[in-house]
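Have a look at the structure below before the remarks.
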Amino acid sequence: MPSTAHYSIGTPGQLWGAAERDQWRARQVRQRSYADDVLTAIEALRGRLDVEMYGDVIYADAQHPAERFPLRALRSRHWQPGLPSVLVTGGVHAYETSGVHGALRFVDTQAERFAVRANLLVVPCVSPWVYERFQRWNFDAIDPNRSFRDGSPAQESAALMHLHRRRASSPPTLTCTRPLIPTNPNTAPPWPRATTRCSSPAASPTASTWWTTPKTPSPRFSRPSLKP
Ligand SMILES: [Zn+2]
């Protein structure tokens, strides 16, 4: 039976304009600190992998003074062109908190096992403003995970694409949206095997792999009918 419930901003069936976006933005409240939770944790992992600064996200409007978020990734110290490259991302939809902390924990507990087997590029929190607000959309009410394309309207998506292009010797040909982190590190192979649900137009053993961390929907997020 179709639901008659609809979101409290806007008119069902009509695209949002600036007024609806501003109304939505005014409701967003900062609830935690990207600097404390993520940047501090990344600094603490400096001994495991190198820290790469790959830009800033800056948001501002007439009601909000400029907020700047430095973007940080962790990467293998000795990047070798002949090895497969693995990109681990968390916090694209940063209300999915487990992805952020799962990526940080991966570096802490698993990164060493990949040494000389793969180049690692770990981006624990792709969308910092979103992380602080327990949101899915960024400041501009744009979904960063629908914005990985040329001319991206989402700053954080554009920055990640730029980083990837700079680091990868070839664009990703294997896309996985499920977590591939072994559930039992004692029995699982050090190199994650591609799984059957990956879309792989031309996967090869050296293809770059997009690897996303698990996600957990936040109970605070109540907007219905959204896909991952
Ligand atoms: Zn998501």
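Quick note on naming: the chains in the structure tokens go A, B, ... in the order shown, residues restart at 1 in each chain, and ligands are numbered from 1 in order of appearance.
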Item to complete: Please provide as a list in words all residues within 6 Å of region 48-58 of chain A, with the sequence filter that same-chain residues fewer than 6 positions apart are discarded (counting only C-alpha atoms).
Response: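 Everything that qualifies: Glu67, Arg68, Phe69, Pro70, Leu71, Arg72, Ala73, Leu74, Arg75, Ser76 and Arg77 of chain A.
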Worksheet item: Could you name the residues that touch Phe106 (chain A) at 9 Å or less, counting only C-alpha atoms, but leaving out those on the same chain fewer than 4 positions away, as a ChimeraX atom specification?
Response: /A:101-102,110-111,122,181
Write the residues of the selection above to a file with N, CA and C atoms, as a PDB file, in the first residue's frame.
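Writing done, so here's again.pdb:
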```
ATOM      1  N   HIS A 101      34.596   5.312  11.233  1.00  0.00           N
ATOM      2  CA  HIS A 101      35.440   4.700  12.265  1.00  0.00           C
ATOM      3  C   HIS A 101      35.940   3.319  11.827  1.00  0.00           C
ATOM      4  N   GLY A 102      35.194   2.669  10.947  1.00  0.00           N
ATOM      5  CA  GLY A 102      35.685   1.412  10.384  1.00  0.00           C
ATOM      6  C   GLY A 102      36.929   1.634   9.536  1.00  0.00           C
ATOM      7  N   GLN A 110      44.662  -3.357  10.217  1.00  0.00           N
ATOM      8  CA  GLN A 110      44.826  -4.207   9.028  1.00  0.00           C
ATOM      9  C   GLN A 110      45.844  -3.703   8.011  1.00  0.00           C
ATOM     10  N   ALA A 111      46.137  -2.417   8.027  1.00  0.00           N
ATOM     11  CA  ALA A 111      46.929  -1.843   6.930  1.00  0.00           C
ATOM     12  C   ALA A 111      48.272  -2.546   6.777  1.00  0.00           C
ATOM     13  N   VAL A 122      43.338   5.473   1.953  1.00  0.00           N
ATOM     14  CA  VAL A 122      42.186   5.408   2.862  1.00  0.00           C
ATOM     15  C   VAL A 122      41.702   6.826   3.139  1.00  0.00           C
ATOM     16  N   ILE A 181      35.916  -5.895   4.008  1.00  0.00           N
ATOM     17  CA  ILE A 181      36.810  -6.153   5.122  1.00  0.00           C
ATOM     18  C   ILE A 181      36.519  -7.551   5.655  1.00  0.00           C
TER      19      ILE A 181
END
```
Which residues of region 18-99 of chain A come within 12 Å of region 128-132 of chain A, and what is each one's closest atom pair and distance in Å (one decimal), counting only C-alpha atoms, sorted by chain and residue number, as a Markdown table?
```
| residue | atom | partner | partner_atom | distance |
| --- | --- | --- | --- | --- |
| A:Arg25 | CA | A:Val130 | CA | 11.3 |
| A:Gln28 | CA | A:Val130 | CA | 9.5 |
| A:Val29 | CA | A:Glu132 | CA | 8.1 |
| A:Arg30 | CA | A:Glu132 | CA | 5.3 |
| A:Gln31 | CA | A:Glu132 | CA | 5.6 |
| A:Arg32 | CA | A:Glu132 | CA | 4.9 |
| A:Ser33 | CA | A:Glu132 | CA | 5.7 |
| A:Tyr34 | CA | A:Pro128 | CA | 6.0 |
| A:Ala35 | CA | A:Pro128 | CA | 8.9 |
| A:Asp36 | CA | A:Glu132 | CA | 10.5 |
| A:Asp37 | CA | A:Glu132 | CA | 9.7 |
| A:Val38 | CA | A:Pro128 | CA | 8.9 |
| A:Leu39 | CA | A:Pro128 | CA | 10.1 |
| A:Asp56 | CA | A:Pro128 | CA | 9.9 |
| A:Val57 | CA | A:Pro128 | CA | 8.0 |
| A:Ile58 | CA | A:Trp129 | CA | 9.2 |
| A:Tyr59 | CA | A:Trp129 | CA | 8.5 |
| A:Ala60 | CA | A:Trp129 | CA | 11.3 |
| A:Ala66 | CA | A:Trp129 | CA | 11.7 |
| A:Glu67 | CA | A:Trp129 | CA | 8.6 |
| A:Arg68 | CA | A:Trp129 | CA | 9.0 |
| A:Phe69 | CA | A:Pro128 | CA | 6.6 |
| A:Pro70 | CA | A:Pro128 | CA | 8.6 |
| A:Leu71 | CA | A:Pro128 | CA | 8.1 |
| A:Arg72 | CA | A:Pro128 | CA | 10.3 |
| A:Gly90 | CA | A:Tyr131 | CA | 10.3 |
| A:Gly91 | CA | A:Tyr131 | CA | 6.8 |
| A:Val92 | CA | A:Val130 | CA | 8.4 |
| A:His93 | CA | A:Val130 | CA | 7.1 |
| A:Ala94 | CA | A:Tyr131 | CA | 4.4 |
| A:Tyr95 | CA | A:Tyr131 | CA | 5.8 |
| A:Glu96 | CA | A:Tyr131 | CA | 8.3 |
| A:Thr97 | CA | A:Tyr131 | CA | 7.6 |
| A:Ser98 | CA | A:Tyr131 | CA | 11.1 |
| A:Gly99 | CA | A:Tyr131 | CA | 10.8 |
```
Worksheet item: Do you have the CA of Asp108 (chain A)-CA of Pro84 (chain A) distance handy?
Response: 20.4 Å
Worksheet item: Can you tell me how far CA of Ala141 (chain A) sits from CA of Trp24 (chain A), in Å to one decimal?
Response: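 For CA of Ala141 (chain A) relative to CA of Trp24 (chain A), the distance reads 7.8 Å.
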Worksheet entry | Which residue of A:Leu104, A:Leu121, A:Thr89, A:Thr109 approaches ligand 1 most closely, using only C-alpha atoms and all ligand atoms |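 Closest to ligand 1 of all the choices is A:Thr89.
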